[in-house]
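**Student:** Below is the file data-v5.txt, with compact mmCIF, C-alpha atoms and all ligand atoms.
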```txt
# COMPACT_ATOMS: atom_id res chain seq x y z
CA MET K 1406 1.12 -13.86 8.07
CA THR K 1407 3.63 -12.09 5.83
CA GLN K 1408 5.81 -14.92 4.53
CA ALA K 1409 5.11 -17.13 1.57
CA ALA K 1410 5.51 -20.89 2.18
CA ALA K 1411 9.16 -21.95 2.03
CA TRP K 1412 8.59 -24.30 -0.93
CA LEU K 1413 7.74 -21.26 -3.12
CA GLY K 1414 11.29 -19.93 -2.68
CA VAL K 1415 10.28 -16.26 -2.37
CA ALA K 1416 12.97 -14.05 -0.79
CA PRO K 1417 11.66 -12.24 2.33
CA ASP K 1418 12.39 -8.84 0.78
CA HIS K 1419 10.88 -9.62 -2.64
CA LEU K 1420 8.69 -6.76 -3.95
CA LEU K 1421 6.03 -9.32 -4.87
CA GLY K 1422 5.89 -11.26 -1.62
CA LEU K 1423 2.79 -12.35 0.26
CA ALA K 1424 1.92 -8.75 1.17
CA ALA K 1425 1.44 -7.70 -2.47
CA LEU K 1426 -0.54 -10.36 -4.42
CA PRO K 1427 -1.53 -8.29 -7.49
CA TYR K 1428 -3.81 -9.72 -10.20
CA ALA K 1429 -3.33 -9.87 -13.97
CA SER K 1430 -4.69 -11.60 -17.06
CA TYR K 1431 -2.18 -13.90 -18.75
CA SER K 1432 -1.74 -16.73 -21.18
CA ALA K 1433 0.85 -19.45 -20.99
CA ALA K 1434 3.25 -19.69 -23.92
CA HIS K 1435 1.83 -23.06 -25.02
CA HIS K 1436 -1.79 -21.81 -24.82
CA ALA K 1437 -1.39 -18.43 -26.50
CA GLU K 1438 -5.13 -17.69 -26.89
CA GLU K 1439 -6.29 -19.04 -23.56
CA PHE K 1440 -6.30 -16.31 -20.93
CA ARG K 1441 -6.50 -16.89 -17.19
CA VAL K 1442 -6.41 -14.70 -14.12
CA GLY K 1443 -3.06 -14.90 -12.37
CA VAL K 1444 -1.72 -13.77 -9.01
CA ALA K 1445 1.94 -12.76 -8.79
CA ILE K 1446 4.01 -14.41 -6.05
CA GLY K 1447 7.73 -13.69 -6.18
CA ASP K 1448 9.00 -14.38 -9.68
CA SER K 1449 6.07 -16.72 -10.37
CA VAL K 1450 2.41 -16.61 -11.35
CA LEU K 1451 -0.36 -18.67 -9.73
CA ASP K 1452 -3.16 -19.74 -12.10
CA LEU K 1453 -6.05 -18.37 -10.02
CA THR K 1454 -8.69 -19.47 -12.53
CA THR K 1455 -7.83 -23.14 -12.00
CA ALA K 1456 -6.96 -22.75 -8.31
CA CYS K 1457 -10.49 -21.43 -7.66
CA ASP K 1458 -12.01 -24.35 -9.57
CA ARG K 1459 -10.24 -26.65 -7.14
CA LEU K 1460 -10.27 -24.78 -3.84
CA LEU K 1461 -12.95 -22.09 -3.97
CA PRO K 1462 -15.62 -23.34 -6.40
CA GLY K 1463 -18.21 -20.86 -5.12
CA ARG K 1464 -16.13 -18.01 -6.59
CA ALA K 1465 -14.72 -19.83 -9.63
CA HIS K 1466 -17.15 -18.13 -12.04
CA LEU K 1467 -15.49 -14.78 -11.25
CA PHE K 1468 -12.31 -15.93 -13.00
CA SER K 1469 -13.56 -18.24 -15.75
CA SER K 1470 -13.39 -15.52 -18.44
CA GLY K 1471 -9.65 -15.13 -17.89
CA THR K 1472 -9.95 -11.41 -17.08
CA LEU K 1473 -10.74 -9.45 -13.92
CA ASP K 1474 -14.07 -8.10 -15.23
CA GLN K 1475 -16.39 -10.33 -13.16
CA PHE K 1476 -14.18 -10.17 -10.10
CA LEU K 1477 -14.11 -6.36 -10.16
CA ALA K 1478 -17.90 -6.21 -10.41
CA ALA K 1479 -18.37 -8.68 -7.54
CA GLY K 1480 -17.57 -6.08 -4.87
CA ASP K 1481 -15.53 -5.78 -1.71
CA GLY K 1482 -16.86 -8.94 -0.02
CA ALA K 1483 -15.53 -11.09 -2.86
CA TRP K 1484 -12.27 -9.11 -3.05
CA ALA K 1485 -11.55 -9.67 0.65
CA GLN K 1486 -12.50 -13.35 0.58
CA VAL K 1487 -10.37 -14.20 -2.46
CA ARG K 1488 -7.35 -12.30 -1.09
CA ALA K 1489 -7.65 -14.11 2.25
CA GLU K 1490 -7.93 -17.50 0.53
CA VAL K 1491 -4.98 -16.89 -1.81
CA THR K 1492 -2.91 -15.71 1.16
CA ARG K 1493 -3.72 -18.97 2.94
CA TRP K 1494 -2.91 -21.16 -0.07
CA LEU K 1495 0.45 -19.48 -0.56
CA SER K 1496 1.50 -19.50 3.08
CA ALA K 1497 0.39 -22.87 4.49
CA ASP K 1498 2.35 -25.94 3.38
CA GLU K 1499 -0.79 -28.11 3.26
CA TYR K 1500 -1.94 -26.45 0.00
CA ARG K 1501 1.22 -27.36 -1.89
CA PRO K 1502 -0.24 -30.50 -3.50
CA ALA K 1503 -3.33 -28.58 -4.68
CA ILE K 1504 -1.53 -25.65 -6.33
CA GLU K 1505 2.07 -26.62 -7.09
CA ASP K 1506 1.27 -27.54 -10.70
CA LEU K 1507 -0.50 -24.16 -11.16
CA ILE K 1508 2.61 -22.08 -10.57
CA GLN K 1509 4.97 -21.10 -13.35
CA PRO K 1510 7.71 -18.52 -13.91
CA ALA K 1511 6.32 -15.04 -14.61
CA ALA K 1512 8.92 -14.67 -17.36
CA ALA K 1513 7.22 -17.50 -19.28
CA VAL K 1514 3.75 -15.95 -19.54
CA GLN K 1515 2.19 -13.38 -21.85
CA LEU K 1516 0.22 -10.64 -20.06
CA GLY K 1517 -3.02 -9.22 -21.46
CA MET K 1518 -5.34 -6.31 -20.68
CA PRO K 1519 -6.54 -7.15 -17.15
CA PHE K 1520 -10.06 -5.76 -17.63
CA VAL K 1521 -12.15 -3.83 -20.13
CA VAL K 1522 -11.59 -0.14 -19.42
CA ALA K 1523 -15.08 1.39 -19.20
CA ASP K 1524 -14.61 5.13 -18.76
CA TYR K 1525 -11.26 6.87 -18.36
CA VAL K 1526 -10.77 10.09 -16.40
CA ASP K 1527 -7.52 11.93 -15.75
CA PHE K 1528 -7.15 14.28 -12.77
CA TYR K 1529 -4.63 17.07 -12.07
CA ALA K 1530 -4.04 16.47 -8.36
CA SER K 1531 -0.38 17.43 -7.77
CA GLU K 1532 0.04 21.01 -6.58
CA HIS K 1533 3.73 20.97 -7.55
CA HIS K 1534 2.97 19.83 -11.10
CA VAL K 1535 0.15 22.33 -11.58
CA ALA K 1536 2.17 25.22 -10.14
CA ASN K 1537 5.18 24.38 -12.33
CA VAL K 1538 3.05 24.18 -15.48
CA GLY K 1539 1.39 27.46 -14.45
CA ARG K 1540 4.79 29.15 -14.04
CA ILE K 1541 5.94 27.84 -17.43
CA PHE K 1542 2.84 28.97 -19.33
CA ARG K 1543 1.81 32.03 -17.34
CA PRO K 1544 5.08 33.45 -15.93
CA ASP K 1545 3.41 36.73 -14.98
CA GLY K 1546 0.23 35.24 -13.52
CA GLU K 1547 -0.79 33.21 -10.49
CA PRO K 1548 0.58 29.62 -10.80
CA LEU K 1549 -2.75 28.10 -9.69
CA THR K 1550 -6.17 28.93 -11.11
CA PRO K 1551 -8.73 30.22 -8.53
CA ASN K 1552 -10.67 26.92 -8.49
CA TRP K 1553 -7.72 24.55 -8.09
CA LYS K 1554 -7.66 24.29 -4.27
CA HIS K 1555 -11.44 23.88 -4.10
CA LEU K 1556 -12.04 20.94 -6.41
CA PRO K 1557 -10.00 18.12 -7.98
CA ILE K 1558 -9.81 19.19 -11.63
CA GLY K 1559 -10.03 16.49 -14.27
CA TYR K 1560 -11.16 15.69 -17.81
CA HIS K 1561 -12.71 12.68 -19.49
CA GLY K 1562 -10.14 10.85 -21.62
CA ARG K 1563 -10.43 8.05 -24.15
CA ALA K 1564 -10.97 4.57 -22.67
CA GLY K 1565 -10.52 2.83 -26.03
CA THR K 1566 -6.89 3.92 -26.36
CA VAL K 1567 -5.73 2.76 -22.93
CA VAL K 1568 -3.10 0.17 -23.86
CA LEU K 1569 -1.09 -2.41 -21.98
CA SER K 1570 2.49 -1.81 -20.89
CA GLY K 1571 4.86 -2.83 -23.68
CA THR K 1572 2.60 -1.59 -26.48
CA GLU K 1573 4.64 0.61 -28.82
CA ILE K 1574 3.48 4.23 -29.00
CA ARG K 1575 3.27 5.79 -32.45
CA ARG K 1576 4.26 9.47 -32.39
CA PRO K 1577 0.98 11.25 -33.09
CA CYS K 1578 0.29 13.74 -35.86
CA GLY K 1579 -1.90 16.71 -35.10
CA GLN K 1580 -2.49 20.40 -35.43
CA SER K 1581 -0.34 22.94 -33.65
CA ARG K 1582 0.75 26.52 -34.09
CA PRO K 1583 4.52 26.87 -33.94
CA PRO K 1584 5.85 29.84 -31.92
CA GLY K 1585 5.64 33.03 -33.97
CA ALA K 1586 3.61 31.44 -36.79
CA ASP K 1587 0.39 33.06 -38.00
CA LEU K 1588 -1.27 29.83 -39.06
CA PRO K 1589 -1.43 26.35 -37.55
CA VAL K 1590 0.19 23.35 -39.25
CA PHE K 1591 -0.58 19.63 -39.27
CA GLY K 1592 2.26 17.19 -38.73
CA ALA K 1593 4.15 14.90 -36.37
CA ALA K 1594 4.15 16.14 -32.79
CA ARG K 1595 7.50 17.77 -31.92
CA GLN K 1596 6.95 17.99 -28.18
CA LEU K 1597 6.07 14.45 -27.12
CA ASP K 1598 6.08 13.92 -23.35
CA PHE K 1599 5.17 11.31 -20.72
CA GLU K 1600 3.25 11.77 -17.47
CA ALA K 1601 3.89 9.40 -14.53
CA GLU K 1602 0.58 8.79 -12.76
CA LEU K 1603 -1.23 6.41 -10.43
CA GLY K 1604 -4.40 4.79 -11.81
CA PHE K 1605 -7.41 3.78 -9.71
CA VAL K 1606 -9.53 0.85 -10.88
CA VAL K 1607 -13.25 0.99 -10.10
CA GLY K 1608 -14.81 -2.35 -9.24
CA ALA K 1609 -18.33 -1.95 -7.86
CA HIS K 1610 -20.61 0.27 -9.96
CA SER K 1611 -22.87 2.99 -8.56
CA HIS K 1612 -26.37 4.06 -9.55
CA LEU K 1613 -27.18 7.09 -11.67
CA GLY K 1614 -28.23 9.95 -9.44
CA GLU K 1615 -26.43 8.63 -6.34
CA PRO K 1616 -23.13 10.31 -5.41
CA VAL K 1617 -20.37 8.14 -3.91
CA PRO K 1618 -19.21 9.94 -0.74
CA VAL K 1619 -15.53 10.02 0.30
CA GLU K 1620 -16.10 7.42 3.02
CA ARG K 1621 -17.33 4.81 0.50
CA PHE K 1622 -14.14 4.96 -1.60
CA ALA K 1623 -12.91 1.46 -0.67
CA GLU K 1624 -16.31 -0.10 -1.44
CA HIS K 1625 -16.02 1.02 -5.06
CA VAL K 1626 -12.32 1.16 -5.88
CA PHE K 1627 -10.65 -2.23 -6.18
CA GLY K 1628 -7.02 -1.28 -6.62
CA VAL K 1629 -4.28 0.62 -8.40
CA CYS K 1630 -1.98 0.41 -11.40
CA LEU K 1631 0.64 2.68 -12.98
CA VAL K 1632 -0.35 4.97 -15.83
CA ASN K 1633 1.62 6.90 -18.45
CA ASP K 1634 -0.55 9.66 -19.88
CA TRP K 1635 1.44 10.31 -23.09
CA SER K 1636 1.04 13.96 -24.07
CA ALA K 1637 1.88 15.91 -27.23
CA ARG K 1638 2.52 19.33 -25.70
CA ASP K 1639 2.53 21.29 -28.97
CA ILE K 1640 -0.86 19.86 -29.95
CA GLN K 1641 -2.18 20.21 -26.39
CA ARG K 1642 -1.09 23.85 -26.08
CA TRP K 1643 -2.93 24.92 -29.25
CA GLU K 1644 -6.13 22.92 -28.73
CA SER K 1645 -6.70 23.18 -24.98
CA ALA K 1646 -8.25 26.64 -24.56
CA PRO K 1647 -11.07 26.79 -23.61
CA LEU K 1648 -12.16 23.16 -23.18
CA GLY K 1649 -9.04 21.28 -22.06
CA PRO K 1650 -7.03 18.33 -23.42
CA PHE K 1651 -8.35 16.42 -26.46
CA VAL K 1652 -6.33 14.75 -29.24
CA GLY K 1653 -3.01 15.86 -27.71
CA LYS K 1654 -3.54 13.12 -25.13
CA SER K 1655 -6.14 10.70 -26.48
CA PHE K 1656 -3.84 8.89 -28.96
CA ALA K 1657 -2.54 6.46 -26.28
CA THR K 1658 -2.40 5.95 -22.51
CA THR K 1659 -0.27 3.11 -21.11
CA MET K 1660 -1.29 1.11 -18.03
CA SER K 1661 0.71 -1.47 -16.08
CA PRO K 1662 -0.62 -5.06 -16.29
CA TRP K 1663 -0.71 -5.99 -12.58
CA ILE K 1664 -3.57 -4.54 -10.52
CA LEU K 1665 -2.56 -4.16 -6.88
CA PRO K 1666 -5.59 -4.31 -4.55
CA LEU K 1667 -6.17 -1.42 -2.14
CA ALA K 1668 -5.88 -3.99 0.67
CA ALA K 1669 -2.16 -4.28 -0.12
CA LEU K 1670 -1.70 -0.54 0.45
CA GLU K 1671 -2.93 -0.46 4.08
CA HIS K 1672 0.61 0.36 5.28
CA ALA K 1673 1.10 3.04 2.64
CA ARG K 1674 -1.87 5.13 3.78
CA ILE K 1675 -0.93 8.56 5.11
CA ARG K 1676 -2.55 11.90 5.78
CA PRO K 1677 -2.36 14.01 2.60
CA PRO K 1678 -0.40 17.28 2.82
CA SER K 1679 -2.22 19.98 4.81
CA ARG K 1680 -4.85 21.69 2.70
CA GLU K 1681 -5.02 25.34 3.74
CA ALA K 1682 -8.10 26.16 1.69
CA LYS K 1683 -11.37 25.30 3.39
CA GLN K 1684 -12.82 22.29 1.64
CA VAL K 1685 -16.43 22.10 0.53
CA GLY K 1686 -18.39 19.58 2.63
CA TYR K 1687 -18.60 16.69 0.18
CA LEU K 1688 -14.78 16.73 -0.15
CA VAL K 1689 -14.00 16.64 3.59
CA GLU K 1690 -12.59 13.22 4.47
CA MET K 1691 -12.01 11.66 7.87
CA ALA K 1692 -10.11 8.60 6.63
CA ASP K 1693 -6.64 9.25 5.25
CA TRP K 1694 -6.27 8.22 1.63
CA GLY K 1695 -2.96 9.88 0.98
CA LEU K 1696 -0.56 7.20 -0.29
CA ASP K 1697 3.16 6.93 0.42
CA ILE K 1698 4.22 5.52 -2.94
CA ASP K 1699 7.68 6.16 -4.40
CA PHE K 1700 7.73 6.48 -8.19
CA GLU K 1701 10.72 6.08 -10.48
CA VAL K 1702 10.91 7.15 -14.12
CA ARG K 1703 13.59 5.75 -16.41
CA LEU K 1704 14.39 6.97 -19.91
CA ASN K 1705 16.25 4.34 -21.92
CA GLY K 1706 17.11 2.62 -18.64
CA HIS K 1707 18.50 5.72 -16.93
CA VAL K 1708 16.65 7.09 -13.86
CA ILE K 1709 15.56 10.67 -14.65
CA ALA K 1710 12.97 11.27 -11.91
CA GLN K 1711 11.75 9.98 -8.54
CA PRO K 1712 8.33 11.53 -7.91
CA PRO K 1713 6.79 11.04 -4.43
CA TYR K 1714 3.04 10.27 -4.51
CA ALA K 1715 2.86 11.30 -0.81
CA THR K 1716 2.91 14.96 -1.89
CA MET K 1717 -0.35 14.78 -3.89
CA TYR K 1718 -2.82 17.47 -2.77
CA TRP K 1719 -6.09 15.69 -3.62
CA SER K 1720 -6.73 12.14 -2.40
CA PRO K 1721 -8.33 9.49 -4.63
CA ALA K 1722 -11.37 9.39 -2.32
CA GLN K 1723 -11.88 13.09 -2.99
CA MET K 1724 -11.43 12.53 -6.74
CA LEU K 1725 -14.12 9.84 -6.64
CA ALA K 1726 -16.50 11.96 -4.54
CA HIS K 1727 -16.07 14.89 -6.93
CA MET K 1728 -16.48 12.77 -10.06
CA THR K 1729 -19.78 11.33 -8.74
CA GLY K 1730 -20.97 14.37 -6.75
CA THR K 1731 -23.44 15.25 -9.48
CA GLY K 1732 -24.87 11.74 -9.44
CA ALA K 1733 -22.81 10.58 -12.43
CA ALA K 1734 -22.71 6.78 -12.17
CA LEU K 1735 -19.63 4.58 -11.94
CA ARG K 1736 -19.26 1.52 -14.12
CA SER K 1737 -17.22 -1.51 -13.21
CA GLY K 1738 -13.94 -1.12 -15.09
CA ASP K 1739 -13.80 2.67 -14.88
CA LEU K 1740 -10.22 3.91 -14.59
CA PHE K 1741 -9.29 7.27 -13.13
CA ALA K 1742 -5.73 8.52 -12.97
CA SER K 1743 -4.19 10.96 -10.51
CA GLY K 1744 -2.55 13.37 -12.92
CA THR K 1745 1.21 13.80 -13.15
CA VAL K 1746 2.92 13.00 -9.86
CA SER K 1747 5.49 15.71 -9.08
CA GLY K 1748 7.23 16.60 -5.82
CA PRO K 1749 8.80 19.93 -4.83
CA ALA K 1750 12.29 19.25 -6.28
CA ARG K 1751 13.11 19.32 -10.00
CA GLU K 1752 14.24 15.66 -10.01
CA GLN K 1753 10.91 14.71 -8.44
CA SER K 1754 8.95 15.86 -11.51
CA GLY K 1755 6.82 13.29 -13.31
CA CYS K 1756 7.04 14.69 -16.86
CA LEU K 1757 9.62 16.14 -19.24
CA ILE K 1758 8.04 19.58 -19.56
CA GLU K 1759 8.93 20.14 -15.89
CA LEU K 1760 12.21 18.17 -15.85
CA ALA K 1761 13.55 20.13 -18.86
CA TRP K 1762 11.58 23.31 -17.99
CA ASN K 1763 9.80 23.57 -21.33
CA GLY K 1764 13.02 22.87 -23.26
CA LYS K 1765 15.09 25.58 -21.53
CA GLU K 1766 17.11 23.14 -19.39
CA PRO K 1767 17.33 19.83 -21.28
CA VAL K 1768 17.82 16.58 -19.35
CA LEU K 1769 21.32 15.10 -19.80
CA LEU K 1770 21.54 11.35 -20.40
CA PRO K 1771 24.60 9.15 -19.70
CA ASP K 1772 25.34 8.79 -23.44
CA GLY K 1773 25.89 12.56 -23.62
CA SER K 1774 22.65 13.26 -25.45
CA THR K 1775 19.99 15.58 -24.05
CA ARG K 1776 16.20 15.55 -24.06
CA SER K 1777 13.76 18.41 -24.04
CA TRP K 1778 11.10 16.07 -25.46
CA LEU K 1779 10.98 12.37 -26.35
CA HIS K 1780 12.85 11.13 -29.43
CA ASP K 1781 11.74 8.27 -31.68
CA GLY K 1782 13.09 5.03 -30.21
CA ASP K 1783 13.03 6.34 -26.62
CA GLU K 1784 11.71 3.92 -24.01
CA VAL K 1785 9.98 5.27 -20.88
CA THR K 1786 9.58 3.00 -17.84
CA ILE K 1787 7.44 4.06 -14.88
CA SER K 1788 7.72 1.88 -11.76
CA ALA K 1789 6.81 2.32 -8.10
CA THR K 1790 7.07 0.77 -4.66
CA ALA K 1791 5.15 1.25 -1.42
CA PRO K 1792 5.68 0.31 2.24
CA GLY K 1793 4.14 -2.97 3.34
CA PRO K 1794 3.93 -4.72 6.73
CA ASP K 1795 7.02 -5.46 8.85
CA GLY K 1796 9.33 -3.21 6.86
CA VAL K 1797 8.89 -5.02 3.53
CA ARG K 1798 8.30 -3.06 0.34
CA ILE K 1799 5.62 -3.81 -2.22
CA GLY K 1800 6.11 -3.43 -5.97
CA LEU K 1801 3.51 -1.97 -8.31
CA GLY K 1802 5.23 -3.34 -11.42
CA ALA K 1803 5.91 -1.09 -14.41
CA ALA K 1804 4.27 0.79 -17.27
CA ILE K 1805 6.63 0.70 -20.25
CA GLY K 1806 6.34 2.26 -23.69
CA CYS K 1807 8.68 2.87 -26.62
CA ILE K 1808 8.18 5.65 -29.20
CA LEU K 1809 7.76 4.72 -32.86
CA PRO K 1810 8.24 7.32 -35.63
CA ALA K 1811 5.15 9.11 -36.89
CA VAL K 1812 3.42 7.79 -39.99
CA PRO K 1813 4.48 10.19 -42.81
CA THR K 1814 1.71 12.63 -43.63
CA PRO K 1815 0.32 12.25 -47.15
CA PRO K 1816 0.83 15.55 -49.03
CA GLU K 1817 -2.89 15.99 -49.72
CA ALA K 1818 -3.62 15.91 -45.99
CA ARG K 1819 -1.41 18.84 -45.14
CA TYR K 1820 -3.93 21.59 -45.86
MN MN K 1901 -2.22 13.46 -17.19
```
Please re-express this file's structure in structure tokens.
**Tutor:**
Amino acid sequence: MTQAAAWLGVAPDHLLGLAALPYASYSAAHHAEEFRVGVAIGDSVLDLTTACDRLLPGRAHLFSSGTLDQFLAAGDGAWAQVRAEVTRWLSADEYRPAIEDLIQPAAAVQLGMPFVVADYVDFYASEHHVANVGRIFRPDGEPLTPNWKHLPIGYHGRAGTVVLSGTEIRRPCGQSRPPGADLPVFGAARQLDFEAELGFVVGAHSHLGEPVPVERFAEHVFGVCLVNDWSARDIQRWESAPLGPFVGKSFATTMSPWILPLAALEHARIRPPSREAKQVGYLVEMADWGLDIDFEVRLNGHVIAQPPYATMYWSPAQMLAHMTGTGAALRSGDLFASGTVSGPAREQSGCLIELAWNGKEPVLLPDGSTRSWLHDGDEVTISATAPGPDGVRIGLGAAIGCILPAVPTPPEARY
């Protein structure tokens, strides 16, 4: 069943047809403080909180809070049952009387944070991105570090500053050492960048001391969203050795509001690119969790990059197995992101430092201006689509953010 019921008026090639069915938290304009869980269908939203009260009362408690928190924690049995039920309601005409009053235009609702982000981890899984950054920063050295092809590198980020798409991003202030300077300075970041990434949302928790092997990925990960890992390169460059990113990235991370379940990506699953290095046992996977997802990055509405997720070296199942290999526990609501998605060609790069080659080859925009780094007022939109059944495409929505000027630094704070 791949077609929504005719009365819903969803075009067969709509990116949010019956094959997608992502979840979000929303409030209706006339009930601004009352959040519900919604399912996207075409240009509309189904009030799942009320629909479950009526049609699936045994699961209604999972949606009564208006967020996905309880649903995520309920595990893969609940995820599959609810998706199957919603598919039935939206495809069989007999459910029209029960749900017609629960459907409203998506443009009329306010979206909220879909779940409480527990822990946030960011990986570094694109070989093309890592090699390009290596060439930029270490032109005379090996592009990849000796460990890179043996483990999915990552760092723990800041869950409390993961914000919803549409939230304005204040240009951060921080410490950096300008080229040629003897001493560092504190001030507004001059090299603000975006990173187009895929985020993985953990549903079912795991127990401390028990690794989650690659083959149990789909029991723990509920679905995906789009992530923009905003990065202040001048701050990052000065602070990162030897412990990695800190305040150059933790000021804000944008996530898209609609969480697409893994079940919707069945047709996007592919074998990841061949990995020539022998993989350590706990990272060897039999199932293919490469994902054929096409990204698009727009700057002020103009497409500047089209990164292909299919080229990512490490799969999300391997990321999860590595993150928990020590026995570190997962919490429901954990979010881990892939790292910048970059393909082999320049225009497939998922961040400005690659697109403009560290400022040496600025990106030209249609208005004649150029960008080496983001300007105040710039708006970055990350969107993506994936193959679905029967030739349809599935939309992952968008992660959008606009840059606000830095707060002026008080003179006494400068040194
Ligand atoms: Mn990143």
**Student:** Which residues are near segment 1636-1647 of chain K? Cut-off 8 Å, all atoms listed in the file, ignore same chain within fewer than 3 positions. Put them as number ranges by chain.
**Tutor:** K: 1577, 1579-1583, 1594-1600, 1650-1654
**Student:** Which residue, K:Ser1737, K:Gln1475, K:Thr1729, K:Gln1408, has the smallest gap to Glu1615 of chain K when you use only C-alpha atoms?
**Tutor:**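 When distances to Glu1615 of chain K are compared using only C-alpha atoms, the smallest one comes from K:Thr1729.
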**Student:** Would you please work out which residue, of K:Leu1556, K:Val1522, K:Ala1733, K:Ala1710, is nearest to Pro1616 of chain K when using all atoms listed in the file?
**Tutor:**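 Among the listed residues, the smallest separation from Pro1616 of chain K belongs to K:Ala1733.
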**Student:** Report, in Å with one decimal, the straight-line distance from atom CA of Ser1432 of chain K to atom CA of Ala1410 of chain K.
**Tutor:** 24.8 Å
**Student:** For Leu1631 of chain K, please output as an MDAnalysis selection string all residues within 12 Å (counting only C-alpha atoms; exclusion window: fewer than 5 positions along the same chain).
**Tutor:** chainID K and resid 1567:1570 1600:1606 1658:1665 1698:1702 1714 1740:1746 1786:1790 1800:1805
**Student:** Quote the spacing between atom CA of Ser1774 of chain K and atom CA of Pro1584 of chain K in Å to one decimal place.
**Tutor:**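 Between atom CA of Ser1774 of chain K and atom CA of Pro1584 of chain K the gap is 24.5 Å.
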**Student:** Pick out the closest residue to Ala1673 of chain K from this set: K:His1534, K:Arg1776, K:His1610, K:Arg1798. Count all atoms listed in the file.
**Tutor:**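 Ranking K:His1534, K:Arg1776, K:His1610, K:Arg1798 by distance to Ala1673 of chain K, first place goes to K:Arg1798.
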**Student:** Considering all atoms listed in the file, can you say which of K:Gly1686, K:Gly1755, K:Pro1721, K:Gly1608 comes closest to ligand MN 1901 (chain K)?
**Tutor:**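 Smallest distance to ligand MN 1901 (chain K) is found for K:Gly1755.
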**Student:** Quick one: everything within 8 Å of Ile1504 of chain K, counting all atoms listed in the file, minus sequence neighbours fewer than 6 positions away in the same chain. Send it as JSON, numbers by chain.
**Tutor:** {"K": [1451, 1456, 1494]}
**Student:** Restrict the selected residues to C-alpha atoms and save them as a compact mmCIF listing (two decimals), keeping the file's coordinate frame.
**Tutor:**
```txt
# COMPACT_ATOMS: atom_id res chain seq x y z
CA LEU K 1451 -0.36 -18.67 -9.73
CA ALA K 1456 -6.96 -22.75 -8.31
CA TRP K 1494 -2.91 -21.16 -0.07
```
**Student:** Please identify all polymer residues lying at most 9 Å from the point (-21.6, 6.7, -13.6) (file coordinates), using all atoms listed in the file, and present the result as a CSV table (one decimal) with C-alpha atoms, keeping the file's coordinate frame.
**Tutor:**
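Resulting contents of point34.csv:
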```csv
chain,number,residue,atom,x,y,z
K,1524,ASP,CA,-14.6,5.1,-18.8
K,1610,HIS,CA,-20.6,0.3,-10.0
K,1611,SER,CA,-22.9,3.0,-8.6
K,1612,HIS,CA,-26.4,4.1,-9.6
K,1613,LEU,CA,-27.2,7.1,-11.7
K,1614,GLY,CA,-28.2,10.0,-9.4
K,1615,GLU,CA,-26.4,8.6,-6.3
K,1728,MET,CA,-16.5,12.8,-10.1
K,1729,THR,CA,-19.8,11.3,-8.7
K,1732,GLY,CA,-24.9,11.7,-9.4
K,1733,ALA,CA,-22.8,10.6,-12.4
K,1734,ALA,CA,-22.7,6.8,-12.2
K,1735,LEU,CA,-19.6,4.6,-11.9
K,1736,ARG,CA,-19.3,1.5,-14.1
K,1739,ASP,CA,-13.8,2.7,-14.9
```
**Student:** Counting all atoms listed in the file, which of K:Ala1761, K:Ala1669, K:Leu1770, K:Ala1530 gets nearest to ligand MN 1901 (chain K)?
**Tutor:**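 Distance minimum relative to ligand MN 1901 (chain K) lands on K:Ala1530.
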**Student:** Within 10 Å of Lys1683 of chain K, counting all atoms listed in the file, which residues show up once you throw out same-chain ones fewer than 4 positions away? Write them as a ChimeraX atom specification, please.
**Tutor:** /K:1554-1555,1688-1689
**Student:** Could you check how far atom CA of Leu1725 of chain K sits from atom CA of Ala1425 of chain K, in Å to one decimal?
**Tutor:**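 Atom-to-atom, atom CA of Leu1725 of chain K to atom CA of Ala1425 of chain K, that is 23.8 Å.
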**Student:** Compare K:His1727, K:Tyr1718, K:Glu1752, K:His1625 by their minimum atom-to-atom distance to Glu1681 of chain K, counting only C-alpha atoms, and give me the closest one.
**Tutor:** K:Tyr1718
**Student:** If we count all atoms listed in the file, what is near Pro1677 of chain K at a cut-off of 10 Å, once residues fewer than 5 positions away on the same chain are taken out, given as a list of chain:residue names?
**Tutor:**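 Listing them by chain and then by number gives K:Asp1693, K:Trp1694, K:Gly1695, K:Leu1696, K:Asp1697, K:Tyr1714, K:Ala1715, K:Thr1716, K:Met1717, K:Tyr1718, K:Trp1719, K:Ser1720.
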**Student:** Take the residues just selected and output them with C-alpha atoms as an mmCIF file, in the coordinates of the input.
**Tutor:**
```
data_model
loop_
_atom_site.group_PDB
_atom_site.id
_atom_site.type_symbol
_atom_site.label_atom_id
_atom_site.label_comp_id
_atom_site.auth_asym_id
_atom_site.auth_seq_id
_atom_site.Cartn_x
_atom_site.Cartn_y
_atom_site.Cartn_z
ATOM 1 C CA ASP K 1693 -6.640 9.250 5.250
ATOM 2 C CA TRP K 1694 -6.270 8.220 1.630
ATOM 3 C CA GLY K 1695 -2.960 9.880 0.980
ATOM 4 C CA LEU K 1696 -0.560 7.200 -0.290
ATOM 5 C CA ASP K 1697 3.160 6.930 0.420
ATOM 6 C CA TYR K 1714 3.040 10.270 -4.510
ATOM 7 C CA ALA K 1715 2.860 11.300 -0.810
ATOM 8 C CA THR K 1716 2.910 14.960 -1.890
ATOM 9 C CA MET K 1717 -0.350 14.780 -3.890
ATOM 10 C CA TYR K 1718 -2.820 17.470 -2.770
ATOM 11 C CA TRP K 1719 -6.090 15.690 -3.620
ATOM 12 C CA SER K 1720 -6.730 12.140 -2.400
#
```
**Student:** Counting all atoms listed in the file, find residues at most 9 Å from (-15.8, 15.3, 0.0) (file frame) and give them as number ranges by chain.
**Tutor:** K: 1618-1620, 1684-1690, 1722-1727, 1730
